[in-house]
file work-v2.cif (mmCIF, C-alpha atoms and all ligand atoms)
data_input
#
loop_
_atom_site.label_atom_id
_atom_site.label_comp_id
_atom_site.auth_asym_id
_atom_site.auth_seq_id
_atom_site.Cartn_x
_atom_site.Cartn_y
_atom_site.Cartn_z
CA VAL G 1 37.84 -30.01 169.27
CA LYS G 2 41.26 -30.51 170.90
CA SER G 3 42.79 -27.51 172.61
CA PRO G 4 46.34 -26.62 171.64
CA ARG G 5 49.24 -27.76 173.80
CA PRO G 6 52.12 -25.48 174.85
CA ILE G 7 54.95 -25.33 172.28
CA SER G 8 57.28 -26.65 175.00
CA SER G 9 55.61 -30.04 174.48
CA ILE G 10 56.65 -30.30 170.80
CA PRO G 11 59.01 -33.30 170.55
CA LYS G 12 62.65 -32.22 170.00
CA ALA G 13 63.09 -34.56 167.04
CA ARG G 14 60.02 -33.04 165.41
CA LEU G 15 61.49 -29.53 165.71
CA ALA G 16 64.88 -30.68 164.49
CA GLY G 17 63.30 -31.98 161.28
CA VAL G 18 61.64 -28.68 160.30
CA ARG G 19 62.82 -27.42 156.88
CA ALA G 20 60.29 -24.65 156.29
CA VAL G 21 58.46 -22.10 158.43
CA LEU G 22 55.31 -20.65 156.90
CA THR G 23 53.76 -17.75 158.76
CA ASP G 24 50.79 -15.42 158.65
CA ILE G 25 51.76 -11.73 158.97
CA ASP G 26 49.00 -9.72 160.68
CA ASP G 27 48.85 -10.34 164.43
CA THR G 28 51.25 -13.29 164.03
CA LEU G 29 54.47 -11.50 163.03
CA THR G 30 53.03 -8.16 164.12
CA THR G 31 51.96 -7.06 167.58
CA HIS G 32 49.24 -4.38 167.71
CA GLY G 33 49.91 -3.59 164.05
CA LYS G 34 53.70 -3.21 164.26
CA LEU G 35 56.47 -5.60 163.29
CA PRO G 36 58.65 -5.92 166.42
CA ALA G 37 62.45 -6.17 166.00
CA LYS G 38 62.28 -9.53 167.78
CA ALA G 39 60.01 -11.02 165.12
CA TYR G 40 62.08 -9.64 162.25
CA ALA G 41 65.26 -10.95 163.90
CA ALA G 42 63.57 -14.34 164.27
CA LEU G 43 62.91 -14.43 160.51
CA GLU G 44 66.51 -13.47 159.87
CA ARG G 45 67.91 -16.13 162.20
CA LEU G 46 65.71 -18.87 160.76
CA HIS G 47 66.70 -17.89 157.24
CA ALA G 48 70.40 -17.81 158.18
CA ALA G 49 70.02 -21.30 159.67
CA GLY G 50 68.96 -22.57 156.25
CA ILE G 51 65.27 -22.94 157.09
CA ALA G 52 62.91 -21.79 154.32
CA VAL G 53 60.87 -18.81 155.56
CA VAL G 54 57.66 -17.88 153.74
CA PRO G 55 55.05 -15.32 154.89
CA ILE G 56 51.52 -16.21 153.75
CA THR G 57 49.14 -13.25 153.64
CA GLY G 58 46.08 -11.53 152.22
CA ARG G 59 48.14 -8.36 151.84
CA PRO G 60 48.52 -6.77 148.39
CA ALA G 61 51.03 -7.45 145.61
CA GLY G 62 52.75 -4.11 146.19
CA TRP G 63 53.62 -5.09 149.74
CA CYS G 64 54.66 -8.56 148.63
CA ASP G 65 57.11 -7.14 146.08
CA HIS G 66 58.81 -5.29 148.92
CA ILE G 67 58.75 -8.31 151.25
CA ALA G 68 60.16 -10.74 148.65
CA ARG G 69 62.89 -8.23 147.73
CA MET G 70 63.99 -6.95 151.13
CA TRP G 71 62.97 -9.27 153.96
CA PRO G 72 65.04 -12.31 154.98
CA VAL G 73 62.56 -14.72 153.36
CA ASN G 74 62.58 -17.27 150.53
CA GLY G 75 59.42 -15.79 149.07
CA VAL G 76 55.90 -14.70 149.93
CA VAL G 77 52.36 -15.85 149.12
CA GLY G 78 49.99 -12.85 148.79
CA GLU G 79 46.41 -11.78 148.12
CA ASN G 80 45.06 -14.94 149.72
CA GLY G 81 46.96 -17.30 147.45
CA ALA G 82 46.56 -15.51 144.11
CA PHE G 83 50.34 -15.60 143.62
CA TYR G 84 53.74 -16.14 145.08
CA PHE G 85 56.67 -13.77 144.59
CA ARG G 86 60.26 -14.90 144.97
CA TYR G 87 63.31 -12.75 144.46
CA ASP G 88 66.12 -14.59 142.70
CA ALA G 89 69.18 -12.77 144.03
CA ALA G 90 71.64 -14.61 141.77
CA ALA G 91 69.69 -13.77 138.60
CA ARG G 92 68.64 -10.40 140.05
CA CYS G 93 65.03 -10.84 139.08
CA MET G 94 61.64 -11.25 140.69
CA ASP G 95 59.73 -14.43 139.92
CA ARG G 96 56.00 -13.69 139.96
CA VAL G 97 53.93 -16.85 139.76
CA TYR G 98 50.13 -16.46 139.53
CA SER G 99 47.37 -19.00 139.91
CA GLN G 100 45.71 -17.59 136.75
CA ASP G 101 47.30 -16.66 133.43
CA ALA G 102 47.43 -13.01 132.34
CA ALA G 103 44.40 -13.19 130.00
CA THR G 104 42.25 -14.77 132.73
CA ARG G 105 43.38 -12.16 135.23
CA THR G 106 42.36 -9.31 132.91
CA MET G 107 38.98 -10.88 132.19
CA ASN G 108 38.31 -11.55 135.86
CA ALA G 109 39.34 -8.01 136.83
CA ASP G 110 36.76 -6.53 134.44
CA ARG G 111 33.99 -8.71 135.86
CA LEU G 112 35.05 -8.03 139.42
CA TRP G 113 35.11 -4.25 139.04
CA LYS G 114 31.61 -4.19 137.57
CA ILE G 115 30.34 -6.07 140.61
CA ALA G 116 32.38 -3.97 143.04
CA ARG G 117 30.89 -0.73 141.67
CA ASP G 118 27.39 -2.13 142.22
CA ILE G 119 28.30 -3.03 145.78
CA LEU G 120 29.42 0.53 146.56
CA LYS G 121 26.04 1.83 145.33
CA LYS G 122 24.06 -0.83 147.16
CA PHE G 123 25.88 -0.41 150.49
CA PRO G 124 26.26 3.31 151.25
CA GLY G 125 29.20 4.14 153.51
CA THR G 126 31.50 1.53 151.96
CA ALA G 127 34.48 2.46 149.79
CA ILE G 128 37.21 0.81 147.78
CA ALA G 129 40.00 0.09 150.30
CA SER G 130 42.95 2.48 150.53
CA ASP G 131 45.44 -0.27 149.63
CA GLN G 132 43.57 -1.19 146.42
CA ALA G 133 46.15 0.54 144.18
CA TYR G 134 48.71 -2.03 145.30
CA ARG G 135 46.51 -5.09 144.65
CA GLU G 136 46.63 -7.15 141.47
CA ILE G 137 43.93 -9.78 141.83
CA ASP G 138 41.37 -9.04 144.48
CA VAL G 139 39.14 -6.08 145.19
CA ALA G 140 38.95 -4.94 148.79
CA ILE G 141 35.80 -3.18 150.00
CA ASP G 142 36.45 -1.09 153.09
CA PHE G 143 33.80 -1.19 155.81
CA CYS G 144 35.89 -0.35 158.86
CA GLU G 145 39.40 0.94 158.10
CA ASP G 146 39.21 4.41 156.57
CA VAL G 147 35.41 4.77 156.50
CA PRO G 148 33.23 5.25 159.60
CA PRO G 149 32.76 1.66 160.86
CA LEU G 150 29.80 -0.31 159.53
CA PRO G 151 28.53 -3.33 161.47
CA LEU G 152 30.00 -6.76 160.78
CA GLU G 153 26.54 -7.88 159.57
CA THR G 154 26.82 -5.39 156.72
CA ALA G 155 30.19 -6.90 155.79
CA GLN G 156 28.60 -10.34 155.79
CA GLU G 157 25.77 -9.08 153.56
CA ILE G 158 28.37 -7.64 151.18
CA ALA G 159 30.14 -10.99 151.07
CA LEU G 160 26.87 -12.76 150.27
CA ALA G 161 26.07 -10.25 147.52
CA LEU G 162 29.51 -10.84 145.98
CA GLU G 163 29.13 -14.60 146.21
CA ALA G 164 25.72 -14.37 144.54
CA GLN G 165 27.63 -12.97 141.53
CA GLY G 166 30.00 -15.93 141.51
CA ALA G 167 32.95 -14.30 143.28
CA THR G 168 34.76 -15.68 146.30
CA ALA G 169 34.50 -13.30 149.25
CA LYS G 170 36.29 -13.23 152.60
CA VAL G 171 35.50 -10.89 155.49
CA SER G 172 38.47 -9.61 157.51
CA SER G 173 38.25 -7.24 160.45
CA ILE G 174 38.40 -4.22 158.12
CA HIS G 175 37.74 -5.30 154.52
CA VAL G 176 35.66 -7.63 152.43
CA ASN G 177 38.03 -9.15 149.87
CA ALA G 178 36.60 -10.60 146.67
CA TRP G 179 38.10 -12.40 143.69
CA PHE G 180 37.35 -14.77 140.87
CA GLY G 181 39.26 -18.02 140.80
CA ALA G 182 39.69 -21.16 142.84
CA HIS G 183 42.99 -20.22 144.49
CA ASP G 184 43.57 -20.22 148.22
CA LYS G 185 46.48 -19.74 150.63
CA LEU G 186 47.04 -23.45 151.19
CA GLY G 187 47.18 -24.43 147.51
CA MET G 188 49.64 -21.66 146.63
CA SER G 189 51.76 -22.40 149.72
CA LEU G 190 52.14 -26.03 148.66
CA ARG G 191 53.04 -24.91 145.16
CA PHE G 192 55.71 -22.58 146.52
CA LEU G 193 57.18 -25.33 148.70
CA GLU G 194 57.38 -27.74 145.78
CA GLU G 195 58.58 -25.32 143.10
CA CYS G 196 60.94 -23.13 145.11
CA VAL G 197 62.34 -25.22 147.95
CA GLU G 198 61.59 -28.78 146.79
CA ILE G 199 59.53 -29.76 149.81
CA ASN G 200 56.70 -32.19 149.06
CA ASP G 201 55.71 -33.40 152.50
CA GLN G 202 53.91 -31.57 155.30
CA GLU G 203 55.86 -33.25 158.12
CA THR G 204 58.87 -30.97 157.75
CA VAL G 205 56.83 -27.76 157.53
CA SER G 206 55.40 -25.66 160.35
CA TYR G 207 52.70 -22.98 160.09
CA CYS G 208 52.18 -20.06 162.50
CA GLY G 209 48.94 -18.08 162.64
CA ASP G 210 46.52 -16.28 164.91
CA SER G 211 42.91 -16.37 163.74
CA PRO G 212 39.95 -18.23 162.20
CA ASN G 213 41.14 -17.45 158.65
CA ASP G 214 44.22 -19.58 159.37
CA ALA G 215 42.09 -22.68 160.00
CA PRO G 216 42.76 -24.41 156.64
CA MET G 217 46.51 -24.05 157.27
CA PHE G 218 46.23 -25.21 160.90
CA GLY G 219 44.22 -28.17 159.67
CA TYR G 220 46.69 -29.23 156.99
CA PHE G 221 50.02 -28.91 158.79
CA ASP G 222 50.45 -31.17 161.83
CA LEU G 223 53.05 -28.82 163.26
CA SER G 224 50.67 -25.85 163.46
CA ILE G 225 51.36 -23.09 165.97
CA GLY G 226 49.00 -20.44 167.24
CA VAL G 227 50.45 -17.33 168.84
CA ALA G 228 48.89 -16.63 172.27
CA ASN G 229 46.34 -14.12 170.91
CA VAL G 230 44.61 -16.98 169.07
CA GLN G 231 43.13 -18.00 172.46
CA PRO G 232 39.85 -16.00 172.28
CA PHE G 233 39.10 -17.49 168.83
CA LEU G 234 39.67 -21.15 169.70
CA GLY G 235 35.96 -21.82 170.07
CA LEU G 236 35.35 -20.42 166.58
CA ILE G 237 38.11 -22.23 164.71
CA GLU G 238 37.19 -25.37 162.86
CA HIS G 239 40.79 -26.64 162.97
CA PRO G 240 42.61 -25.09 165.93
CA PRO G 241 46.43 -25.07 165.98
CA ALA G 242 48.14 -28.08 167.56
CA TYR G 243 50.37 -25.89 169.74
CA ILE G 244 50.24 -22.43 171.27
CA THR G 245 52.92 -19.95 172.37
CA THR G 246 52.86 -18.07 175.68
CA ALA G 247 53.62 -14.66 174.11
CA GLN G 248 51.38 -12.69 171.74
CA GLY G 249 51.91 -11.75 168.09
CA GLY G 250 55.50 -11.18 166.94
CA GLU G 251 56.92 -12.06 170.37
CA GLY G 252 55.07 -15.37 170.20
CA PHE G 253 56.51 -16.06 166.77
CA ALA G 254 60.02 -15.31 168.12
CA GLU G 255 59.37 -17.71 171.00
CA PHE G 256 58.65 -20.54 168.55
CA ALA G 257 61.66 -19.60 166.37
CA ASP G 258 63.94 -19.71 169.43
CA MET G 259 62.72 -23.18 170.27
CA LEU G 260 63.18 -24.33 166.68
CA LEU G 261 66.73 -22.96 166.47
CA LYS G 262 67.68 -24.53 169.82
CA SER G 263 66.68 -27.94 168.44
CA ARG G 264 69.43 -27.85 165.79
MG MG G 301 46.49 -12.89 161.09
#

call {"tool": "encode", "arguments": {"input": "work-v2.cif", "output": "structure tokens", "more": "lines below"}}
Ligand SMILES: [Mg+2]
result
Amino acid sequence: VKSPRPISSIPKARLAGVRAVLTDIDDTLTTHGKLPAKAYAALERLHAAGIAVVPITGRPAGWCDHIARMWPVNGVVGENGAFYFRYDAAARCMDRVYSQDAATRTMNADRLWKIARDILKKFPGTAIASDQAYREIDVAIDFCEDVPPLPLETAQEIALALEAQGATAKVSSIHVNAWFGAHDKLGMSLRFLEECVEINDQETVSYCGDSPNDAPMFGYFDLSIGVANVQPFLGLIEHPPAYITTAQGGEGFAEFADMLLKSR
């Protein structure tokens, strides 16, 4: 496994060719849970420079509606790739594009909730996550956010129990997220790029992230950037980022944005 090089070693020409910046939100745009002004300003400056800006997140649809509407972004991929939202300012309407049609989503939701209710009974101390009301596709089981923390092993057992029922399950630091369907962040990101900004190649796209769940994105995009706090996870990441910033979280993202804008 190759260790990431400092972002200062990215060739100038490579930076100058970037047409889209995809970025994780938690611990990549945020620092200790907050979105610093620097990171938000970086999004705004990139967007103003004509670069497509697209957050890619596991966060719920309700948040993504707000982000697509109000942030300086071209759109957002949410709930681990279940959809993208894009606000069309000229037409004054929100485009909501899902990986599954409405009938499939309803059917999957019914199946998923049956399984989720069993999980709550089988694993005492878990609860449906507080942000569930704002989700459309996945169910989030809380094991560490608003319930007294349960060990990570319990979360892994929950994920296995969900997978045994045919669901996809992902363990984050606070929730186990589960859904039916083959979607993922990478597939929906590529769809967004093609359908919304007419980008079909990965060479002109960069991806910023911070953790093992960003590995498929780091692996796909050659110009992959880890913010400095990715360092402790490097041994655990199947595809580490190609480059790393010196600053953490949102400040690290701003550092990369500065470099990108200077290359124009
Ligand atoms: Mg993250």

call {"tool": "residues_near_ligand", "arguments": {"input": "work-v2.cif", "ligand": "ligand MG 301 (chain G)", "cutoff": "12 Å", "atoms": "all atoms listed in the file", "output": "mmCIF file with C-alpha atoms, keeping the file's coordinate frame"}}
result
data_model
loop_
_atom_site.group_PDB
_atom_site.id
_atom_site.type_symbol
_atom_site.label_atom_id
_atom_site.label_comp_id
_atom_site.auth_asym_id
_atom_site.auth_seq_id
_atom_site.Cartn_x
_atom_site.Cartn_y
_atom_site.Cartn_z
ATOM 1 C CA THR G 23 53.760 -17.750 158.760
ATOM 2 C CA ASP G 24 50.790 -15.420 158.650
ATOM 3 C CA ILE G 25 51.760 -11.730 158.970
ATOM 4 C CA ASP G 26 49.000 -9.720 160.680
ATOM 5 C CA ASP G 27 48.850 -10.340 164.430
ATOM 6 C CA THR G 28 51.250 -13.290 164.030
ATOM 7 C CA LEU G 29 54.470 -11.500 163.030
ATOM 8 C CA THR G 30 53.030 -8.160 164.120
ATOM 9 C CA THR G 31 51.960 -7.060 167.580
ATOM 10 C CA HIS G 32 49.240 -4.380 167.710
ATOM 11 C CA GLY G 33 49.910 -3.590 164.050
ATOM 12 C CA PRO G 55 55.050 -15.320 154.890
ATOM 13 C CA ILE G 56 51.520 -16.210 153.750
ATOM 14 C CA THR G 57 49.140 -13.250 153.640
ATOM 15 C CA GLY G 58 46.080 -11.530 152.220
ATOM 16 C CA ARG G 59 48.140 -8.360 151.840
ATOM 17 C CA ASN G 80 45.060 -14.940 149.720
ATOM 18 C CA SER G 172 38.470 -9.610 157.510
ATOM 19 C CA SER G 173 38.250 -7.240 160.450
ATOM 20 C CA TYR G 207 52.700 -22.980 160.090
ATOM 21 C CA CYS G 208 52.180 -20.060 162.500
ATOM 22 C CA GLY G 209 48.940 -18.080 162.640
ATOM 23 C CA ASP G 210 46.520 -16.280 164.910
ATOM 24 C CA SER G 211 42.910 -16.370 163.740
ATOM 25 C CA PRO G 212 39.950 -18.230 162.200
ATOM 26 C CA ASN G 213 41.140 -17.450 158.650
ATOM 27 C CA ASP G 214 44.220 -19.580 159.370
ATOM 28 C CA ALA G 215 42.090 -22.680 160.000
ATOM 29 C CA MET G 217 46.510 -24.050 157.270
ATOM 30 C CA GLY G 226 49.000 -20.440 167.240
ATOM 31 C CA VAL G 227 50.450 -17.330 168.840
ATOM 32 C CA ASN G 229 46.340 -14.120 170.910
ATOM 33 C CA VAL G 230 44.610 -16.980 169.070
ATOM 34 C CA PHE G 233 39.100 -17.490 168.830
ATOM 35 C CA GLN G 248 51.380 -12.690 171.740
ATOM 36 C CA GLY G 249 51.910 -11.750 168.090
ATOM 37 C CA GLY G 250 55.500 -11.180 166.940
ATOM 38 C CA PHE G 253 56.510 -16.060 166.770
#

call {"tool": "closest_residue", "arguments": {"input": "work-v2.cif", "among": "G:Ile237, G:Ala228, G:Met94, G:Ala129", "to": "G:Gly252", "atoms": "only C-alpha atoms"}}
result
G:Ala228

call {"tool": "residues_around", "arguments": {"input": "work-v2.cif", "residues": "G:Gln100", "least_positions_apart": "2", "cutoff": "10 Å", "atoms": "all atoms listed in the file", "output": "count of residues only"}}
result
15

call {"tool": "atom_distance", "arguments": {"input": "work-v2.cif", "atom1": "atom CA of G:Tyr243", "atom2": "atom CA of G:Ile225"}}
result
4.8 Å

call {"tool": "atom_distance", "arguments": {"input": "work-v2.cif", "atom1": "atom CA of G:Met70", "atom2": "atom CA of G:Arg86"}}
result
10.7 Å

call {"tool": "atom_distance", "arguments": {"input": "work-v2.cif", "atom1": "atom CA of G:Gly125", "atom2": "atom CA of G:Trp113"}}
result
17.7 Å

call {"tool": "build_atoms", "arguments": {"input": "work-v2.cif", "residues": "stretch 42-63 of chain G", "atoms": "N, CA and C atoms", "output": "JSON list (two decimals), keeping the file's coordinate frame"}}
result
[["chain", "number", "residue", "atom", "x", "y", "z"],
["G", 42, "ALA", "N", 63.87, -12.90, 164.30],
["G", 42, "ALA", "CA", 63.57, -14.34, 164.27],
["G", 42, "ALA", "C", 63.55, -14.83, 162.82],
["G", 43, "LEU", "N", 62.93, -14.05, 161.93],
["G", 43, "LEU", "CA", 62.91, -14.43, 160.51],
["G", 43, "LEU", "C", 64.34, -14.54, 159.98],
["G", 44, "GLU", "N", 65.14, -13.54, 160.35],
["G", 44, "GLU", "CA", 66.51, -13.47, 159.87],
["G", 44, "GLU", "C", 67.34, -14.67, 160.36],
["G", 45, "ARG", "N", 67.15, -15.02, 161.64],
["G", 45, "ARG", "CA", 67.91, -16.13, 162.20],
["G", 45, "ARG", "C", 67.48, -17.46, 161.60],
["G", 46, "LEU", "N", 66.19, -17.63, 161.38],
["G", 46, "LEU", "CA", 65.71, -18.87, 160.76],
["G", 46, "LEU", "C", 66.28, -19.01, 159.36],
["G", 47, "HIS", "N", 66.21, -17.90, 158.62],
["G", 47, "HIS", "CA", 66.70, -17.89, 157.24],
["G", 47, "HIS", "C", 68.20, -18.20, 157.20],
["G", 48, "ALA", "N", 68.95, -17.58, 158.12],
["G", 48, "ALA", "CA", 70.40, -17.81, 158.18],
["G", 48, "ALA", "C", 70.72, -19.26, 158.54],
["G", 49, "ALA", "N", 69.81, -19.90, 159.27],
["G", 49, "ALA", "CA", 70.02, -21.30, 159.67],
["G", 49, "ALA", "C", 69.66, -22.26, 158.53],
["G", 50, "GLY", "N", 69.25, -21.71, 157.40],
["G", 50, "GLY", "CA", 68.96, -22.57, 156.25],
["G", 50, "GLY", "C", 67.53, -23.09, 156.22],
["G", 51, "ILE", "N", 66.69, -22.55, 157.09],
["G", 51, "ILE", "CA", 65.27, -22.94, 157.09],
["G", 51, "ILE", "C", 64.53, -22.02, 156.10],
["G", 52, "ALA", "N", 63.69, -22.61, 155.27],
["G", 52, "ALA", "CA", 62.91, -21.79, 154.32],
["G", 52, "ALA", "C", 61.87, -20.99, 155.10],
["G", 53, "VAL", "N", 61.81, -19.69, 154.85],
["G", 53, "VAL", "CA", 60.87, -18.81, 155.56],
["G", 53, "VAL", "C", 59.93, -18.17, 154.54],
["G", 54, "VAL", "N", 58.64, -18.35, 154.74],
["G", 54, "VAL", "CA", 57.66, -17.88, 153.74],
["G", 54, "VAL", "C", 56.43, -17.26, 154.42],
["G", 55, "PRO", "N", 56.30, -15.93, 154.41],
["G", 55, "PRO", "CA", 55.05, -15.32, 154.89],
["G", 55, "PRO", "C", 53.90, -15.65, 153.93],
["G", 56, "ILE", "N", 52.73, -15.87, 154.52],
["G", 56, "ILE", "CA", 51.52, -16.21, 153.75],
["G", 56, "ILE", "C", 50.46, -15.20, 154.17],
["G", 57, "THR", "N", 49.95, -14.40, 153.22],
["G", 57, "THR", "CA", 49.14, -13.25, 153.64],
["G", 57, "THR", "C", 48.04, -12.90, 152.65],
["G", 58, "GLY", "N", 47.09, -12.10, 153.11],
["G", 58, "GLY", "CA", 46.08, -11.53, 152.22],
["G", 58, "GLY", "C", 46.51, -10.16, 151.73],
["G", 59, "ARG", "N", 47.66, -9.70, 152.19],
["G", 59, "ARG", "CA", 48.14, -8.36, 151.84],
["G", 59, "ARG", "C", 48.46, -8.24, 150.35],
["G", 60, "PRO", "N", 48.45, -6.99, 149.84],
["G", 60, "PRO", "CA", 48.52, -6.77, 148.39],
["G", 60, "PRO", "C", 49.89, -7.03, 147.75],
["G", 61, "ALA", "N", 49.84, -7.19, 146.43],
["G", 61, "ALA", "CA", 51.03, -7.45, 145.61],
["G", 61, "ALA", "C", 52.13, -6.43, 145.85],
["G", 62, "GLY", "N", 51.76, -5.16, 145.99],
["G", 62, "GLY", "CA", 52.75, -4.11, 146.19],
["G", 62, "GLY", "C", 53.57, -4.34, 147.45],
["G", 63, "TRP", "N", 52.90, -4.76, 148.50],
["G", 63, "TRP", "CA", 53.62, -5.09, 149.74],
["G", 63, "TRP", "C", 54.50, -6.32, 149.52]]
